[in-house]
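> Below is the file structure_10.cif, with mmCIF, C-alpha atoms and all ligand atoms.
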data_protein
#
loop_
_atom_site.group_PDB
_atom_site.id
_atom_site.type_symbol
_atom_site.label_atom_id
_atom_site.label_comp_id
_atom_site.auth_asym_id
_atom_site.auth_seq_id
_atom_site.Cartn_x
_atom_site.Cartn_y
_atom_site.Cartn_z
ATOM 1 C CA MET C 5 12.220 -30.717 -19.928
ATOM 2 C CA SER C 6 15.896 -30.785 -20.559
ATOM 3 C CA GLU C 7 18.228 -29.860 -17.802
ATOM 4 C CA GLY C 8 20.816 -27.160 -17.891
ATOM 5 C CA PRO C 9 24.404 -27.572 -16.870
ATOM 6 C CA GLY C 10 24.088 -25.380 -13.813
ATOM 7 C CA ARG C 11 21.373 -27.014 -11.739
ATOM 8 C CA ALA C 12 19.474 -30.213 -12.188
ATOM 9 C CA SER C 13 16.022 -28.728 -11.880
ATOM 10 C CA LEU C 14 14.203 -25.629 -10.779
ATOM 11 C CA ASP C 15 12.764 -27.241 -7.698
ATOM 12 C CA TYR C 16 12.389 -24.138 -5.599
ATOM 13 C CA SER C 17 9.672 -25.849 -3.595
ATOM 14 C CA VAL C 18 12.462 -27.943 -2.151
ATOM 15 C CA ARG C 19 15.300 -25.467 -2.338
ATOM 16 C CA LYS C 20 13.363 -22.511 -1.044
ATOM 17 C CA GLY C 21 10.527 -24.136 0.839
ATOM 18 C CA CYS C 22 7.958 -22.403 -1.320
ATOM 19 C CA ASP C 23 4.509 -23.581 -2.241
ATOM 20 C CA THR C 24 4.466 -24.079 -5.980
ATOM 21 C CA LYS C 25 0.769 -24.901 -6.117
ATOM 22 C CA THR C 26 -0.706 -21.690 -4.838
ATOM 23 C CA ARG C 27 -1.749 -20.365 -8.193
ATOM 24 C CA THR C 28 -2.737 -21.448 -11.603
ATOM 25 C CA HIS C 29 -1.588 -18.848 -14.039
ATOM 26 C CA ALA C 30 -4.645 -19.319 -16.191
ATOM 27 C CA ASP C 31 -6.589 -17.351 -13.617
ATOM 28 C CA ALA C 32 -3.941 -14.689 -13.315
ATOM 29 C CA GLY C 33 -6.622 -12.090 -13.601
ATOM 30 C CA SER C 34 -6.308 -10.518 -16.977
ATOM 31 C CA GLY C 35 -9.531 -8.728 -16.047
ATOM 32 C CA ALA C 36 -12.271 -8.532 -18.644
ATOM 33 C CA LEU C 37 -12.416 -5.069 -20.093
ATOM 34 C CA THR C 38 -15.727 -3.313 -19.946
ATOM 35 C CA THR C 39 -16.753 0.034 -21.313
ATOM 36 C CA SER C 40 -18.079 2.601 -18.900
ATOM 37 C CA ARG C 41 -20.860 5.016 -19.646
ATOM 38 C CA SER C 42 -18.262 7.660 -20.380
ATOM 39 C CA GLY C 43 -16.954 5.414 -23.108
ATOM 40 C CA HIS C 44 -13.643 4.684 -21.411
ATOM 41 C CA ALA C 45 -12.492 1.119 -21.107
ATOM 42 C CA SER C 46 -12.091 -0.055 -17.542
ATOM 43 C CA ALA C 47 -10.937 -3.358 -16.139
ATOM 44 C CA GLU C 48 -12.855 -5.453 -13.686
ATOM 45 C CA PRO C 49 -10.762 -6.199 -10.615
ATOM 46 C CA ALA C 50 -8.318 -8.888 -11.531
ATOM 47 C CA ALA C 51 -9.269 -12.306 -10.222
ATOM 48 C CA HIS C 52 -6.310 -12.440 -7.903
ATOM 49 C CA TYR C 53 -7.494 -9.369 -6.028
ATOM 50 C CA SER C 54 -10.401 -11.350 -4.652
ATOM 51 C CA ARG C 55 -7.850 -13.373 -2.747
ATOM 52 C CA VAL C 56 -5.989 -10.428 -1.316
ATOM 53 C CA MET C 57 -8.635 -7.741 -1.044
ATOM 54 C CA ARG C 58 -9.368 -6.706 2.556
ATOM 55 C CA THR C 59 -12.782 -5.481 3.582
ATOM 56 C CA ASP C 60 -12.043 -4.813 7.244
ATOM 57 C CA ILE C 61 -10.200 -1.541 6.772
ATOM 58 C CA PRO C 62 -11.988 1.449 8.320
ATOM 59 C CA GLU C 63 -12.691 4.239 5.861
ATOM 60 C CA VAL C 64 -11.388 7.710 6.586
ATOM 61 C CA PRO C 65 -13.990 10.477 7.057
ATOM 62 C CA TRP C 66 -12.153 12.997 4.867
ATOM 63 C CA THR C 67 -11.615 13.583 1.170
ATOM 64 C CA ARG C 68 -8.494 15.767 1.370
ATOM 65 C CA MET C 69 -5.215 14.318 2.582
ATOM 66 C CA GLU C 70 -4.358 17.480 4.486
ATOM 67 C CA GLU C 71 -7.167 16.641 6.910
ATOM 68 C CA GLY C 72 -5.744 13.273 7.912
ATOM 69 C CA THR C 73 -4.357 12.500 11.341
ATOM 70 C CA ALA C 74 -1.354 10.459 12.376
ATOM 71 C CA ALA C 75 -3.728 7.688 13.453
ATOM 72 C CA ASP C 76 -5.387 7.744 10.030
ATOM 73 C CA TYR C 77 -2.093 7.409 8.243
ATOM 74 C CA ALA C 78 -0.942 4.611 10.486
ATOM 75 C CA VAL C 79 -3.997 2.605 9.429
ATOM 76 C CA LEU C 80 -3.827 3.627 5.779
ATOM 77 C CA THR C 81 -0.134 2.929 5.429
ATOM 78 C CA ALA C 82 -0.377 -0.503 6.996
ATOM 79 C CA ALA C 83 -3.387 -1.435 4.874
ATOM 80 C CA SER C 84 -1.790 -0.210 1.679
ATOM 81 C CA ALA C 85 1.500 -1.952 2.362
ATOM 82 C CA ALA C 86 -0.197 -5.248 3.154
ATOM 83 C CA HIS C 87 -2.360 -5.087 0.058
ATOM 84 C CA THR C 88 0.299 -4.066 -2.403
ATOM 85 C CA SER C 89 2.797 -6.635 -1.184
ATOM 86 C CA ALA C 90 0.154 -9.379 -1.322
ATOM 87 C CA ALA C 91 -0.847 -8.453 -4.855
ATOM 88 C CA LEU C 92 2.558 -7.536 -6.276
ATOM 89 C CA VAL C 93 3.648 -10.828 -7.770
ATOM 90 C CA ASP C 94 0.229 -11.591 -9.230
ATOM 91 C CA ASN C 95 0.275 -8.155 -10.804
ATOM 92 C CA LEU C 96 3.715 -8.836 -12.233
ATOM 93 C CA LEU C 97 2.564 -12.171 -13.633
ATOM 94 C CA THR C 98 -0.384 -10.425 -15.238
ATOM 95 C CA MET C 99 1.978 -7.871 -16.737
ATOM 96 C CA LEU C 100 4.176 -10.638 -18.055
ATOM 97 C CA ASP C 101 1.078 -12.167 -19.641
ATOM 98 C CA LEU C 102 0.588 -8.917 -21.526
ATOM 99 C CA LEU C 103 3.882 -9.578 -23.294
ATOM 100 C CA LYS C 104 2.188 -12.495 -25.035
ATOM 101 C CA GLY C 105 1.143 -10.169 -27.805
ATOM 102 C CA PRO C 106 2.255 -10.443 -31.395
ATOM 103 C CA ASN C 107 5.769 -11.527 -32.255
ATOM 104 C CA LEU C 108 6.361 -8.162 -33.932
ATOM 105 C CA GLY C 109 8.553 -9.759 -36.543
ATOM 106 C CA TYR C 110 10.639 -11.894 -34.260
ATOM 107 C CA GLN C 111 10.162 -15.672 -34.121
ATOM 108 C CA ILE C 112 8.857 -15.612 -30.554
ATOM 109 C CA ASN C 113 6.917 -13.062 -28.527
ATOM 110 C CA ARG C 114 8.295 -11.007 -25.674
ATOM 111 C CA TYR C 115 6.780 -13.266 -23.025
ATOM 112 C CA GLU C 116 8.669 -16.225 -24.467
ATOM 113 C CA HIS C 117 11.752 -14.022 -24.797
ATOM 114 C CA SER C 118 11.546 -13.137 -21.101
ATOM 115 C CA LEU C 119 11.189 -16.757 -20.069
ATOM 116 C CA GLN C 120 14.077 -17.743 -22.313
ATOM 117 C CA SER C 121 16.221 -15.048 -20.751
ATOM 118 C CA ALA C 122 15.402 -16.302 -17.244
ATOM 119 C CA THR C 123 15.936 -19.920 -18.282
ATOM 120 C CA ARG C 124 19.370 -19.216 -19.704
ATOM 121 C CA ALA C 125 20.330 -17.228 -16.584
ATOM 122 C CA TYR C 126 19.116 -20.060 -14.371
ATOM 123 C CA ARG C 127 20.965 -22.719 -16.339
ATOM 124 C CA ALA C 128 24.132 -20.635 -16.132
ATOM 125 C CA ASP C 129 23.774 -20.767 -12.344
ATOM 126 C CA GLU C 130 23.280 -17.038 -11.966
ATOM 127 C CA SER C 131 22.086 -15.553 -8.688
ATOM 128 C CA ASP C 132 18.419 -15.552 -7.709
ATOM 129 C CA ASP C 133 18.402 -11.791 -8.146
ATOM 130 C CA LEU C 134 19.699 -11.956 -11.682
ATOM 131 C CA ILE C 135 17.316 -14.744 -12.677
ATOM 132 C CA VAL C 136 14.385 -12.612 -11.542
ATOM 133 C CA GLY C 137 15.986 -9.624 -13.245
ATOM 134 C CA ALA C 138 16.161 -11.605 -16.464
ATOM 135 C CA LEU C 139 12.531 -12.652 -16.137
ATOM 136 C CA LEU C 140 11.357 -9.064 -15.682
ATOM 137 C CA HIS C 141 13.940 -7.152 -17.721
ATOM 138 C CA ASP C 142 11.474 -6.296 -20.502
ATOM 139 C CA ILE C 143 8.318 -5.957 -18.415
ATOM 140 C CA GLY C 144 8.533 -2.189 -18.863
ATOM 141 C CA ASP C 145 7.445 -2.714 -22.462
ATOM 142 C CA VAL C 146 3.906 -3.038 -21.086
ATOM 143 C CA PHE C 147 3.679 0.401 -19.518
ATOM 144 C CA ALA C 148 6.848 2.354 -20.370
ATOM 145 C CA PRO C 149 7.954 1.425 -23.873
ATOM 146 C CA ALA C 150 10.025 4.589 -24.326
ATOM 147 C CA ASN C 151 12.217 3.790 -21.323
ATOM 148 C CA HIS C 152 11.491 0.178 -20.585
ATOM 149 C CA SER C 153 14.927 -0.562 -19.111
ATOM 150 C CA ASP C 154 14.729 2.232 -16.580
ATOM 151 C CA ALA C 155 11.166 1.266 -15.685
ATOM 152 C CA ALA C 156 12.105 -2.342 -15.025
ATOM 153 C CA GLY C 157 15.145 -1.257 -13.047
ATOM 154 C CA ALA C 158 12.991 0.975 -10.865
ATOM 155 C CA LEU C 159 10.505 -1.839 -10.348
ATOM 156 C CA LEU C 160 13.209 -4.232 -9.233
ATOM 157 C CA ALA C 161 15.353 -1.779 -7.282
ATOM 158 C CA PRO C 162 13.788 -2.233 -3.810
ATOM 159 C CA TYR C 163 14.156 -6.014 -3.892
ATOM 160 C CA VAL C 164 17.303 -6.999 -5.796
ATOM 161 C CA ASP C 165 20.977 -6.227 -5.381
ATOM 162 C CA GLU C 166 22.497 -3.101 -6.900
ATOM 163 C CA ARG C 167 24.268 -5.096 -9.594
ATOM 164 C CA THR C 168 21.047 -6.615 -10.897
ATOM 165 C CA GLU C 169 19.271 -3.279 -10.756
ATOM 166 C CA TRP C 170 22.088 -1.638 -12.738
ATOM 167 C CA ILE C 171 22.137 -4.396 -15.325
ATOM 168 C CA VAL C 172 18.393 -4.189 -15.910
ATOM 169 C CA ARG C 173 18.400 -0.371 -15.979
ATOM 170 C CA HIS C 174 21.147 -0.295 -18.606
ATOM 171 C CA HIS C 175 20.379 -3.375 -20.664
ATOM 172 C CA GLY C 176 18.644 -1.338 -23.361
ATOM 173 C CA ILE C 177 21.623 0.812 -24.285
ATOM 174 C CA SER C 178 23.958 -2.117 -23.833
ATOM 175 C CA GLN C 179 21.818 -4.285 -26.078
ATOM 176 C CA GLY C 180 22.047 -1.516 -28.676
ATOM 177 C CA TYR C 181 25.524 -2.817 -29.478
ATOM 178 C CA TYR C 182 23.792 -5.437 -31.604
ATOM 179 C CA TYR C 183 21.642 -3.145 -33.703
ATOM 180 C CA PHE C 184 21.979 0.605 -33.142
ATOM 181 C CA HIS C 185 24.433 0.885 -36.062
ATOM 182 C CA HIS C 186 21.857 -0.660 -38.397
ATOM 183 C CA LEU C 187 19.560 2.229 -37.563
ATOM 184 C CA GLY C 188 22.145 4.953 -37.999
ATOM 185 C CA GLY C 189 23.078 5.066 -34.336
ATOM 186 C CA ASP C 190 26.209 4.358 -32.360
ATOM 187 C CA ARG C 191 26.493 0.728 -31.399
ATOM 188 C CA ASN C 192 29.094 1.688 -28.802
ATOM 189 C CA ALA C 193 26.853 4.161 -27.003
ATOM 190 C CA ARG C 194 27.080 1.927 -23.956
ATOM 191 C CA GLU C 195 30.742 2.923 -23.593
ATOM 192 C CA HIS C 196 29.469 6.023 -21.818
ATOM 193 C CA TYR C 197 28.904 3.791 -18.808
ATOM 194 C CA ARG C 198 32.206 1.904 -18.943
ATOM 195 C CA ASP C 199 33.368 3.266 -15.602
ATOM 196 C CA SER C 200 30.552 1.527 -13.760
ATOM 197 C CA PRO C 201 31.608 -1.532 -11.759
ATOM 198 C CA HIS C 202 28.611 -3.289 -13.310
ATOM 199 C CA TYR C 203 29.384 -2.418 -16.935
ATOM 200 C CA ASP C 204 30.993 -5.742 -17.846
ATOM 201 C CA ALA C 205 28.209 -7.700 -16.137
ATOM 202 C CA CYS C 206 25.634 -5.792 -18.166
ATOM 203 C CA VAL C 207 27.517 -6.492 -21.390
ATOM 204 C CA ALA C 208 27.597 -10.175 -20.457
ATOM 205 C CA PHE C 209 23.885 -10.155 -19.591
ATOM 206 C CA CYS C 210 23.019 -8.837 -23.024
ATOM 207 C CA ALA C 211 25.337 -11.283 -24.749
ATOM 208 C CA ASP C 212 24.229 -14.356 -22.847
ATOM 209 C CA TYR C 213 20.678 -13.687 -21.662
ATOM 210 C CA ASP C 214 19.128 -11.129 -24.006
ATOM 211 C CA GLN C 215 20.344 -10.751 -27.603
ATOM 212 C CA ASN C 216 20.384 -14.528 -27.984
ATOM 213 C CA CYS C 217 16.944 -15.143 -26.483
ATOM 214 C CA PHE C 218 14.805 -15.143 -29.601
ATOM 215 C CA ASP C 219 15.119 -18.830 -30.394
ATOM 216 C CA PRO C 220 11.839 -20.728 -30.899
ATOM 217 C CA ASN C 221 13.681 -24.036 -30.636
ATOM 218 C CA TYR C 222 15.279 -23.370 -27.251
ATOM 219 C CA ASP C 223 13.959 -25.500 -24.404
ATOM 220 C CA THR C 224 12.528 -22.627 -22.392
ATOM 221 C CA LEU C 225 11.129 -23.332 -18.936
ATOM 222 C CA PRO C 226 7.509 -22.338 -18.194
ATOM 223 C CA ILE C 227 6.582 -19.500 -15.870
ATOM 224 C CA GLY C 228 5.521 -21.910 -13.126
ATOM 225 C CA GLU C 229 9.141 -22.908 -12.685
ATOM 226 C CA PHE C 230 10.063 -19.330 -11.805
ATOM 227 C CA GLU C 231 7.038 -18.269 -9.808
ATOM 228 C CA PRO C 232 8.244 -19.409 -6.375
ATOM 229 C CA LEU C 233 11.537 -17.588 -6.867
ATOM 230 C CA LEU C 234 9.688 -14.518 -8.091
ATOM 231 C CA ARG C 235 7.547 -14.594 -4.958
ATOM 232 C CA GLU C 236 10.582 -14.956 -2.760
ATOM 233 C CA VAL C 237 12.638 -12.163 -4.292
ATOM 234 C CA MET C 238 9.799 -9.670 -4.727
ATOM 235 C CA GLY C 239 8.486 -10.540 -1.269
ATOM 236 C CA ARG C 240 11.626 -9.259 0.409
ATOM 237 C CA PRO C 241 11.398 -6.100 2.511
ATOM 238 C CA SER C 242 12.301 -3.081 0.426
ATOM 239 C CA ARG C 243 15.974 -2.259 0.784
ATOM 240 C CA PHE C 244 14.946 1.374 0.748
ATOM 241 C CA ASP C 245 12.902 1.047 3.940
ATOM 242 C CA THR C 246 14.406 2.859 6.880
HETATM 243 FE FE FE T 301 14.873 -4.814 -23.351
HETATM 244 FE FE FE T 302 15.127 -8.444 -23.829
#
Hey, can you dump this file as structure tokens for me?


Amino acid sequence: MSEGPGRASLDYSVRKGCDTKTRTHADAGSGALTTSRSGHASAEPAAHYSRVMRTDIPEVPWTRMEEGTAADYAVLTAASAAHTSAALVDNLLTMLDLLKGPNLGYQINRYEHSLQSATRAYRADESDDLIVGALLHDIGDVFAPANHSDAAGALLAPYVDERTEWIVRHHGISQGYYYFHHLGGDRNAREHYRDSPHYDACVAFCADYDQNCFDPNYDTLPIGEFEPLLREVMGRPSRFDT
């Protein structure tokens, strides 16, 4: 791989002390779809769940939440928190995999676009938060295409700094500068947010790590290079916890 001007390599295993060999993305758990008797498609548990699924959690005796006790919720909350945090990054990697769909007219697909965005941010020596923000900035396309920026911002908000969250939340309207006018819209719609302290950073993000990230000839780093950093950033305690 070529090396960017910012850092010599993405050796987070050294820099961050992370294990880079914990997972092969091929078994990320895309989950074979099956069809239930009702005719609805359902997914088998993703492969990664078998590594994080706990079977030692006592089951509550009730079926209505209003019947639960403080002791019940202490157990349930701890179990849920442990499970979701253990599975979060694998889920995110699976969601990123879903961006490997068709190119939709561009020269690369959205998965490659996301990696290219993260690679350019990394090579420009951006913060860890922003690199992860770049990697996930379009992940909302998978489940919230009508407001993908907001969805990705909400996903990242507990774990990254406010600047990164703001950039990701507003990258859609900011990116519109490059094409809204071709669709009869206002390319300067982003000006509505000019008073934000993060406005200029968002404009720069779109210029340097988004609108230019559709190049099939760019030396984009593979997902494995970013996985340890993704695990570190998304493994932080939520900044919303009291
Ligand atoms: Fe986007
Ligand atoms: Fe994008």

> The PyMOL selection byres (((not hetatm)) within 7 of (chain T and resi 301)) - which residues does that actually catch in the file I just gave you? List them as a ChimeraX atom specification.

/C:141-142,152-153,175-176

> Under the rule that all atoms listed in the file are counted, which of C:Glu70, C:Val207, C:His186, C:Pro62 is the nearest residue to Ala83 of chain C?

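Result for the nearest residue to Ala83 of chain C: C:Pro62.
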
> Using the chain letters and numbering of this document, enumerate as an NGL selection string the residues selected by the PyMOL selection byres (((not hetatm)) within 10 of (chain T and resi 302)).

:C and (114-115 or 117-121 or 138-143 or 145 or 152-153 or 172 or 175-176 or 179 or 209-210 or 213-218)

> Please determine, counting only C-alpha atoms, which residue among C:Val136, C:Val64, C:Ala211, C:Ile177 has the shortest atom-to-atom distance to Leu160 of chain C.

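Smallest distance to Leu160 of chain C is found for C:Val136.
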
> What is the distance between atom CA of Tyr197 of chain C and atom CA of Pro162 of chain C, in Å to one decimal?

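These two atoms are separated by 22.1 Å.
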
> What does the PyMOL selection byres (((chain C and resi 131) around 12) and not hetatm) select in this file, as an MDAnalysis selection string?

chainID C and resid 10:11 122 124:130 132:138 164:165 167:168 233 237

> Report the distance between atom CA of Leu187 of chain C and atom CA of Asp199 of chain C in Å, rounded to one decimal place.

26.0 Å

> Using atom CA of Ala85 of chain C and atom CA of Pro241 of chain C as the two end points, give the distance in Å to one decimal.

10.7 Å

> Just want the 12 Å neighbourhood of Met69 of chain C, counted on all atoms listed in the file, with same-chain residues fewer than 6 positions away dropped. Output as a list in words.

Asp76, Tyr77 and Leu80 of chain C

> In terms of the shortest atom-to-atom distance over all atoms listed in the file, which of C:Tyr222, C:Phe230, C:Tyr181, C:Phe244 is closest to Ile112 of chain C?

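Closest candidate: C:Tyr222.
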
> Which polymer residues have any atom within 12 Å of an atom of Leu96 of chain C, counting all atoms listed in the file, with same-chain residues fewer than 2 positions away left out, as an NGL selection string?

:C and (29 or 32-34 or 52 or 88-94 or 98-103 or 136 or 139-144 or 146-147 or 156 or 159-160 or 227 or 231 or 234-235 or 238)

> Specify the axis-aligned box that encloses all atoms of segment 90-102 of chain C listed in the file after padding of 8 Å on each side, stating its centre and edge lengths in Å to one decimal as AutoDock Vina command-line options.


--center_x 1.7 --center_y -9.9 --center_z -11.4 --size_x 21.0 --size_y 20.6 --size_z 36.2

> Pick out the residues sitting within 8 Å of Asn192 of chain C, and hand them over as an MDAnalysis selection string; count all atoms listed in the file, and ignore anything fewer than 2 positions along from it in its own chain.

chainID C and resid 180:181 190 194:195

> Mind writing segment 184-246 of chain C to a file for me, with C-alpha atoms, as a PDB file, in the first residue's frame?


ATOM      1  CA  PHE C 184     -28.268  20.587  -5.298  1.00  0.00           C
ATOM      2  CA  HIS C 185     -28.312  23.294  -7.998  1.00  0.00           C
ATOM      3  CA  HIS C 186     -28.242  20.620 -10.705  1.00  0.00           C
ATOM      4  CA  LEU C 187     -31.492  19.293  -9.293  1.00  0.00           C
ATOM      5  CA  GLY C 188     -33.220  22.643  -9.008  1.00  0.00           C
ATOM      6  CA  GLY C 189     -32.247  23.172  -5.392  1.00  0.00           C
ATOM      7  CA  ASP C 190     -30.136  25.687  -3.541  1.00  0.00           C
ATOM      8  CA  ARG C 191     -26.505  24.693  -3.438  1.00  0.00           C
ATOM      9  CA  ASN C 192     -25.975  27.176  -0.612  1.00  0.00           C
ATOM     10  CA  ALA C 193     -28.622  25.666   1.642  1.00  0.00           C
ATOM     11  CA  ARG C 194     -25.857  24.846   4.094  1.00  0.00           C
ATOM     12  CA  GLU C 195     -25.471  28.574   4.788  1.00  0.00           C
ATOM     13  CA  HIS C 196     -28.376  28.179   7.194  1.00  0.00           C
ATOM     14  CA  TYR C 197     -25.885  26.617   9.586  1.00  0.00           C
ATOM     15  CA  ARG C 198     -23.074  29.138   9.117  1.00  0.00           C
ATOM     16  CA  ASP C 199     -23.240  30.316  12.716  1.00  0.00           C
ATOM     17  CA  SER C 200     -22.201  26.915  14.020  1.00  0.00           C
ATOM     18  CA  PRO C 201     -18.619  26.721  15.288  1.00  0.00           C
ATOM     19  CA  HIS C 202     -18.331  23.500  13.283  1.00  0.00           C
ATOM     20  CA  TYR C 203     -19.629  24.888   9.983  1.00  0.00           C
ATOM     21  CA  ASP C 204     -16.225  25.438   8.376  1.00  0.00           C
ATOM     22  CA  ALA C 205     -15.004  22.011   9.500  1.00  0.00           C
ATOM     23  CA  CYS C 206     -18.042  20.409   7.892  1.00  0.00           C
ATOM     24  CA  VAL C 207     -17.441  22.298   4.651  1.00  0.00           C
ATOM     25  CA  ALA C 208     -13.835  21.099   4.708  1.00  0.00           C
ATOM     26  CA  PHE C 209     -14.917  17.518   5.442  1.00  0.00           C
ATOM     27  CA  CYS C 210     -17.134  17.485   2.384  1.00  0.00           C
ATOM     28  CA  ALA C 211     -14.469  19.068   0.209  1.00  0.00           C
ATOM     29  CA  ASP C 212     -11.620  16.843   1.314  1.00  0.00           C
ATOM     30  CA  TYR C 213     -13.177  13.587   2.514  1.00  0.00           C
ATOM     31  CA  ASP C 214     -16.535  13.192   0.781  1.00  0.00           C
ATOM     32  CA  GLN C 215     -17.225  14.836  -2.592  1.00  0.00           C
ATOM     33  CA  ASN C 216     -13.821  13.708  -3.837  1.00  0.00           C
ATOM     34  CA  CYS C 217     -14.095  10.113  -2.623  1.00  0.00           C
ATOM     35  CA  PHE C 218     -15.462   8.427  -5.719  1.00  0.00           C
ATOM     36  CA  ASP C 219     -12.135   7.629  -7.336  1.00  0.00           C
ATOM     37  CA  PRO C 220     -11.595   3.987  -8.364  1.00  0.00           C
ATOM     38  CA  ASN C 221      -7.884   4.637  -8.819  1.00  0.00           C
ATOM     39  CA  TYR C 222      -7.254   5.999  -5.326  1.00  0.00           C
ATOM     40  CA  ASP C 223      -5.145   3.776  -3.092  1.00  0.00           C
ATOM     41  CA  THR C 224      -7.845   3.133  -0.512  1.00  0.00           C
ATOM     42  CA  LEU C 225      -6.945   1.227   2.642  1.00  0.00           C
ATOM     43  CA  PRO C 226      -8.915  -1.942   3.485  1.00  0.00           C
ATOM     44  CA  ILE C 227     -11.350  -2.154   6.375  1.00  0.00           C
ATOM     45  CA  GLY C 228      -8.918  -4.212   8.453  1.00  0.00           C
ATOM     46  CA  GLU C 229      -6.696  -1.168   8.759  1.00  0.00           C
ATOM     47  CA  PHE C 230      -9.492   0.751  10.472  1.00  0.00           C
ATOM     48  CA  GLU C 231     -11.063  -1.970  12.567  1.00  0.00           C
ATOM     49  CA  PRO C 232      -8.896  -1.559  15.678  1.00  0.00           C
ATOM     50  CA  LEU C 233      -9.568   2.175  15.720  1.00  0.00           C
ATOM     51  CA  LEU C 234     -13.264   1.543  15.186  1.00  0.00           C
ATOM     52  CA  ARG C 235     -13.259  -0.827  18.150  1.00  0.00           C
ATOM     53  CA  GLU C 236     -11.451   1.685  20.295  1.00  0.00           C
ATOM     54  CA  VAL C 237     -13.648   4.674  19.514  1.00  0.00           C
ATOM     55  CA  MET C 238     -16.980   2.843  19.583  1.00  0.00           C
ATOM     56  CA  GLY C 239     -15.899   0.964  22.705  1.00  0.00           C
ATOM     57  CA  ARG C 240     -15.674   4.154  24.728  1.00  0.00           C
ATOM     58  CA  PRO C 241     -18.215   4.727  27.497  1.00  0.00           C
ATOM     59  CA  SER C 242     -21.121   6.761  26.196  1.00  0.00           C
ATOM     60  CA  ARG C 243     -20.572  10.445  26.845  1.00  0.00           C
ATOM     61  CA  PHE C 244     -24.261  10.641  27.620  1.00  0.00           C
ATOM     62  CA  ASP C 245     -23.980   8.276  30.587  1.00  0.00           C
ATOM     63  CA  THR C 246     -24.528   9.962  33.911  1.00  0.00           C
TER      64      THR C 246
END
